[in-house]
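Since the structure comes first, as structure tokens, the remarks are kept for the end.
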Amino acid sequence: MSGEVLLQTVRAGIEFGGLRALHGFDLEIRRGDLKGLIGPNGAGKTTAFNLLTGVYVPTHGEIRVCGERVNGRQPHQINHLGVARTFQNIRLFRALTALDNVRVACLSDERPVFTRARIDELRRRSSGKSPVAEAMDALNNYVDWWRALLLTPGFQKEEAELTRRAEELLEVMGLSHRRDERARNLPYGEQRRLEIARALGTRPKVLLLDEPAAGMNTREKGDLMVLIRQLRDQFSLGLLVIEHDMKLVMGICEEITVLDHGVTIARGAPERVRQDPKVIEAYLGDSYLASHGLPVPPHAPTSETPVT
Amino acid sequence: MPAALRGLVPVLIAIAVLAVLQVLVGSSPFFVYLASIVGVNVVLAVSLNIVNGMTGQFSIGHAGFMAVGAYTAGKLSLLIKDLAISGLPGVVSDQVQFVGTLLAGGIAAAVCGFVVGLPSLRLRGDYLAIVTLGFGEIIRVIVQNLDLFGRALGLSGVPQTSSLFAVWFCVFLVTLVARRIVGSTHGRSLWAIREDEVAAEAMGVNTTGYKVRAFVISSFFAGVAGGLFAHFVPIINPGSFTFVKSIEVVVMVVAGGLGSTTGAIVAAVFLTLLPEALRTLFLQVGGLDTGASLAQKVDQIRMPVYGILLVILMLVRPQGLFGTREIWDLLPRWLPGTRRGLR
Amino acid sequence: MISDFAQHLINGVAAGTIYALVALGYTMVYGVLKLINFAHGDVMMVGTFLGYGVAQRLGPERQSTLWGVLLVFLAAMLGCAVLGFLIERFAYRPLRDKPRLTALITAIGISFTLSYGFQLDFGPLPGAAPRAFPEIIIPAEWLVIGDRAVVIWNWQVISLAIAIALMLMLQGLVYRTRFGRAMRAVSFDHRTAALMGIPVDRIIALTFMLGSALAAGAGILYAIKDTAIQPLMGLYVGLKAFVAAVIGGIGNVPGAVVGGLLLGLVEEFVVGYSSSSWRDAVAFGFLILVLLVRPGGLFGRVAAEKV
């Protein structure tokens, strides 16, 4: 199933000093998509995620969220536009409870003075740089803090609403029983699920999962596969998953992009990608191909090939 | 109780309690002075805790903001000393002026907090320490060089309109603010920044904005503390607002537990009373000669003791006395305002 | 006019080299430990007092001979190397894997203990009153231009020579020896360095000792220049040297030297052409300006955090 284009990159890339960590990266995530991103270690997968979420500023190319160009915007702004992520090494707020971890992510849409929709519209029209919008936002925040200080009824209602939303998400991820437990005390598998619950708290349109199954056993991975599909349907998301576990990736992803040395070397349905010689070479090397009598493909341009 | 009034109840209770206290002990100048010194330090510690504790930043220039508040409020008071608000009895008019200068001092300090915080909170964490330190020093040098502020001799003659009620009402206010922030989405966001700034940013928290806001609030109260200070000590001069003072407040916050408002209060009270108590003890017991020199020794030995205290604390109990716990976590659930979850 | 300028230039360079020597210690320690060693300036102060003690013992005759001067320097530098080792071993090493804030607080604690501890009038501790550092280099005018318009003193020249010698030795050490390579490896990534077989603990300890020794040397030079020494001098010089290190880009060795020289010059010129009461504010004002324009310092890179 295919819906509107939520996240799109056009030949995006980033350079660190002389190193091209990612180059010519094209991607399209639509509502309902479940795509995978794989590649050997150091291929640039997490770099891609960092680009998509605004942690890195692309040195070339464009990143668009719902058609809006977001190059150079702050990560929290990109998150507000609908992109959420989890991290390769779990980055929960360890001293906070599970409930609070999710509550931090749940931001209210109700703004005290100017509505969020109006501010977003202003921002959109001036491609991200609108002093008026910033001023409106600042005023909103100022009033917000005063509401918290005075414990106004509006504030109390909002808090209750946030708590309710967070509790719902914990329920969906099967973590209700851990509500008041500090995140660092949770077993590993639950921590990973909590990270996903937290990301969902931001009400994203696109969810980027960075190795969600890392460290899980087979049963947990199976459950996760089902869960990811459920989330996609329940929340009408577009999903992009980085994973090393081939079975999981091949099992749930409709399209897989393969990176190596920062460059896309293959893209397509799982079956096709699995048999692509370039992919095999990237993971297993020339010698494997040679010793198995498979043709060694001509070398595709890598980030190290000088570009004229 | 109607939801709309829940917010105000503690304020009313505080006013009542403090008024009683003021009447009971307000006539003993020594006690009032002591309580005022303690109170000011508590305000400083609780406000610094918002930035260093809750938000996990490292600001070591708090005395600079205190100085801004003290000099602004003090100078203002000196200027309007001979004016009075017509229609109000003298005492009331004085107090209104006093509150006005406090607000002015707080706002001036808050503006400084904004100016200092906005560029430096964008940089790496260590840099905030350097910049806040520098700010404190720059303020000291500016004040020392301007006739407007009395240079090294400072300002004298500021009307001593502070009172036990005033100081401890401010203590109450800053504690209330700290607590209400913590129990809100804003407090959770601050803690998230403390725990993992990158993750907080990824979850939609405007980390720079929040850090600056925490910094501004903290500076405001430091300014108010300074303003109070100016109105119960006979002279204010740059020597009261040195780097040493900043570190004293840092010690209080760290010893109490970074992030715990209760800890900050307890540590501030203890660390202010202890040297005072020792000093008084030596003076009483030792008489004028040996007593006085012993009392002086207390002052001298205070600083290296703070130093050693910090080192031992970090090695043995880095979370301080209270860690991140609060005394109100022990309150029964049904009391208004008690929150679950965030610790 | 020109002569004023030239004089300021000379003084600025003289002060700058001292800042540079201390800044080097800051930057090296930050490089390997990612820690701002607030206590560094106070280690310098201890070195100065050690030198003072030795010079006093030698007496006015022997203290100004070549051997005397060497002894003063060596005693101070060795003493501080030991001090640096002890501080690292017992206060910083236990905290190496804790959050950086913890070590920062410890550093401030040590700084206060040393500086205010030395202020106590108690036993071997010197007490707060400033003392005059013995004249281990009998002042003599080395070069006089015009009608005493510009004067360069012998101790300024000797000072500069010693500072440059120390810096060159450090340069050689860091860039041409195995130890230096190991130090740089540890500053990139201490875990990987450990996996490569580098004795990280030992390298860090040696780095500390080296930085502290340099600071002690700078302290003696400072005492020769300013004559008056007192226990709080470490705080002020240390703070400024630290500012210099940050200006140059903290963690960057040549940056520390450039930062130190720049700061010395800027300070000297600002004070020279306005008034000395603004001196303390100059360092920080300059720092804030630099950080606003180049957040990583002049030569630093703002390292992207691995997400």
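Residues in the structure tokens are numbered from 1 in each chain, the chains being A, B, ... in the order shown, and ligands are numbered from 1 in the order shown.
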Long-range neighbours of stretch 228-239 of chain B as an NGL selection string, 6 Å cut-off, only C-alpha atoms, 3 positions minimum in chain: :B and (70 or 74 or 140 or 153-156 or 160-162 or 225 or 242)
Export N, CA and C atoms of the chosen residues as a PDB file, in the first residue's frame?
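The file below, part_21.pdb, is the result:
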ATOM      1  N   ALA B  70      22.137  42.719  43.179  1.00  0.00           N
ATOM      2  CA  ALA B  70      22.430  43.520  44.366  1.00  0.00           C
ATOM      3  C   ALA B  70      22.683  44.970  43.995  1.00  0.00           C
ATOM      4  N   GLY B  74      20.205  47.866  44.836  1.00  0.00           N
ATOM      5  CA  GLY B  74      20.783  48.795  45.800  1.00  0.00           C
ATOM      6  C   GLY B  74      20.856  50.216  45.257  1.00  0.00           C
ATOM      7  N   ARG B 140      32.485  41.761  38.203  1.00  0.00           N
ATOM      8  CA  ARG B 140      33.263  42.272  39.330  1.00  0.00           C
ATOM      9  C   ARG B 140      34.156  43.416  38.886  1.00  0.00           C
ATOM     10  N   LEU B 153      34.955  50.487  47.083  1.00  0.00           N
ATOM     11  CA  LEU B 153      34.316  50.713  48.378  1.00  0.00           C
ATOM     12  C   LEU B 153      32.859  50.282  48.372  1.00  0.00           C
ATOM     13  N   GLY B 154      32.267  50.269  47.211  1.00  0.00           N
ATOM     14  CA  GLY B 154      30.906  49.770  47.119  1.00  0.00           C
ATOM     15  C   GLY B 154      29.845  50.798  47.452  1.00  0.00           C
ATOM     16  N   LEU B 155      28.648  50.287  47.625  1.00  0.00           N
ATOM     17  CA  LEU B 155      27.510  51.133  47.937  1.00  0.00           C
ATOM     18  C   LEU B 155      27.193  51.052  49.417  1.00  0.00           C
ATOM     19  N   SER B 156      26.977  52.191  50.010  1.00  0.00           N
ATOM     20  CA  SER B 156      26.536  52.187  51.413  1.00  0.00           C
ATOM     21  C   SER B 156      25.306  53.062  51.533  1.00  0.00           C
ATOM     22  N   GLN B 160      17.709  49.787  54.746  1.00  0.00           N
ATOM     23  CA  GLN B 160      17.685  48.395  55.190  1.00  0.00           C
ATOM     24  C   GLN B 160      16.241  47.936  55.373  1.00  0.00           C
ATOM     25  N   THR B 161      15.538  47.844  54.257  1.00  0.00           N
ATOM     26  CA  THR B 161      14.111  47.555  54.345  1.00  0.00           C
ATOM     27  C   THR B 161      13.764  46.082  54.248  1.00  0.00           C
ATOM     28  N   SER B 162      14.817  45.255  54.238  1.00  0.00           N
ATOM     29  CA  SER B 162      14.513  43.822  54.170  1.00  0.00           C
ATOM     30  C   SER B 162      13.997  43.326  55.506  1.00  0.00           C
ATOM     31  N   ALA B 225      18.073  37.363  45.092  1.00  0.00           N
ATOM     32  CA  ALA B 225      18.869  37.107  46.292  1.00  0.00           C
ATOM     33  C   ALA B 225      19.838  38.253  46.539  1.00  0.00           C
ATOM     34  N   THR B 242      32.561  37.393  44.769  1.00  0.00           N
ATOM     35  CA  THR B 242      33.679  36.848  44.005  1.00  0.00           C
ATOM     36  C   THR B 242      33.412  35.422  43.557  1.00  0.00           C
TER      37      THR B 242
END
Proximal residues of chain C relative to chain B (only C-alpha atoms; 8 Å) as a PyMOL selection string: chain C and resi 36+91+94-95+101-103+105-117+119-120+243+277-278+280-281+284-285+288+292+295+307
Given only C-alpha atoms as the counted atoms, nearest of B:Leu76, B:Ile217, B:Ala268, B:Ala109 to B:Pro159: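 The closest residue to B:Pro159 is B:Leu76.
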Contacts of stretch 143-150 of chain C at 10 Å (only C-alpha atoms; same-chain gap of 4+ positions) as a PyMOL selection string: chain C and resi 1-8+10+154+157
Atom CA of B:Thr261 to atom CA of B:Asn49, distance in Å rounded to a single decimal: 6.8 Å
Closest contacts (chain B/chain A, max 10 Å, only C-alpha atoms) as CSV:
residue,atom,partner,partner_atom,distance
B:Pro2,CA,A:Pro153,CA,9.2
B:Ala3,CA,A:Pro153,CA,5.8
B:Ala4,CA,A:Pro153,CA,5.6
B:Leu5,CA,A:Thr152,CA,8.2
B:Arg6,CA,A:Leu151,CA,7.0
B:Gly7,CA,A:Leu151,CA,4.9
B:Leu8,CA,A:Leu150,CA,7.2
B:Leu176,CA,A:Leu149,CA,8.0
B:Val177,CA,A:Leu149,CA,6.1
B:Ala178,CA,A:Leu149,CA,8.9
B:Arg179,CA,A:Leu149,CA,8.8
B:Arg180,CA,A:Leu149,CA,5.4
B:Ile181,CA,A:Ala148,CA,6.6
B:Val182,CA,A:Ala148,CA,9.5
B:Gly183,CA,A:Ala148,CA,8.4
B:Ser184,CA,A:Ala148,CA,6.3
B:Thr185,CA,A:Val104,CA,6.7
B:His186,CA,A:Trp145,CA,7.5
B:Gly187,CA,A:Val104,CA,9.2
B:Arg188,CA,A:Val104,CA,5.9
B:Ser189,CA,A:Val104,CA,5.7
B:Leu190,CA,A:Val104,CA,9.3
B:Trp191,CA,A:Leu96,CA,8.0
B:Ala192,CA,A:Phe93,CA,5.9
B:Ile193,CA,A:Phe93,CA,8.6
B:Arg194,CA,A:Phe93,CA,8.6
B:Glu195,CA,A:Phe93,CA,5.3
B:Asp196,CA,A:Phe93,CA,6.2
B:Glu197,CA,A:Phe93,CA,9.3
B:Val198,CA,A:Val55,CA,8.5
B:Ala199,CA,A:Arg91,CA,6.2
B:Ala200,CA,A:Ala105,CA,7.9
B:Glu201,CA,A:His76,CA,5.1
B:Ala202,CA,A:His76,CA,5.6
B:Met203,CA,A:Ala105,CA,5.2
B:Gly204,CA,A:His76,CA,4.0
B:Val205,CA,A:His76,CA,5.7
B:Asn206,CA,A:His76,CA,5.7
B:Thr207,CA,A:His76,CA,8.1
B:Gly209,CA,A:Ala138,CA,9.0
B:Tyr210,CA,A:Asn141,CA,9.6
B:Arg213,CA,A:Tyr142,CA,9.1
B:Thr324,CA,A:Ala95,CA,9.4
B:Gly337,CA,A:Leu151,CA,8.9
B:Arg340,CA,A:Asp180,CA,8.0
B:Gly341,CA,A:Asp180,CA,5.8
B:Leu342,CA,A:Leu96,CA,6.3
B:Arg343,CA,A:Leu96,CA,6.9
For atom CA of C:Pro199 and atom CA of C:Ala213, the interatomic separation in Å (one decimal):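 Interatomic distance, atom CA of C:Pro199 to atom CA of C:Ala213: 21.1 Å.
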Those of stretch 52-216 of chain C in DSSP strand (DSSP E), formatted as a list in words: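 Taking stretch 52-216 of chain C and keeping strand (DSSP E) gives Arg131, Ala132, Glu141, Trp142, Leu143, Val144, Ile145, Val150, Val151, Ile152 and Trp153 of chain C.
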Based on the selection just made, write C-alpha atoms of those residues as an mmCIF file, in the first residue's frame.
data_model
loop_
_atom_site.group_PDB
_atom_site.id
_atom_site.type_symbol
_atom_site.label_atom_id
_atom_site.label_comp_id
_atom_site.auth_asym_id
_atom_site.auth_seq_id
_atom_site.Cartn_x
_atom_site.Cartn_y
_atom_site.Cartn_z
ATOM 1 C CA ARG C 131 56.407 37.402 49.637
ATOM 2 C CA ALA C 132 59.196 38.621 47.453
ATOM 3 C CA GLU C 141 69.657 45.844 31.435
ATOM 4 C CA TRP C 142 70.370 43.772 28.433
ATOM 5 C CA LEU C 143 69.435 46.161 25.701
ATOM 6 C CA VAL C 144 68.588 49.806 25.891
ATOM 7 C CA ILE C 145 67.170 51.566 22.852
ATOM 8 C CA VAL C 150 62.785 50.778 25.341
ATOM 9 C CA VAL C 151 64.509 48.587 27.870
ATOM 10 C CA ILE C 152 64.944 44.882 27.590
ATOM 11 C CA TRP C 153 66.088 43.236 30.752
#
Gap from atom CA of B:Pro275 to atom CA of B:Val171 - Å, one decimal: 20.9 Å
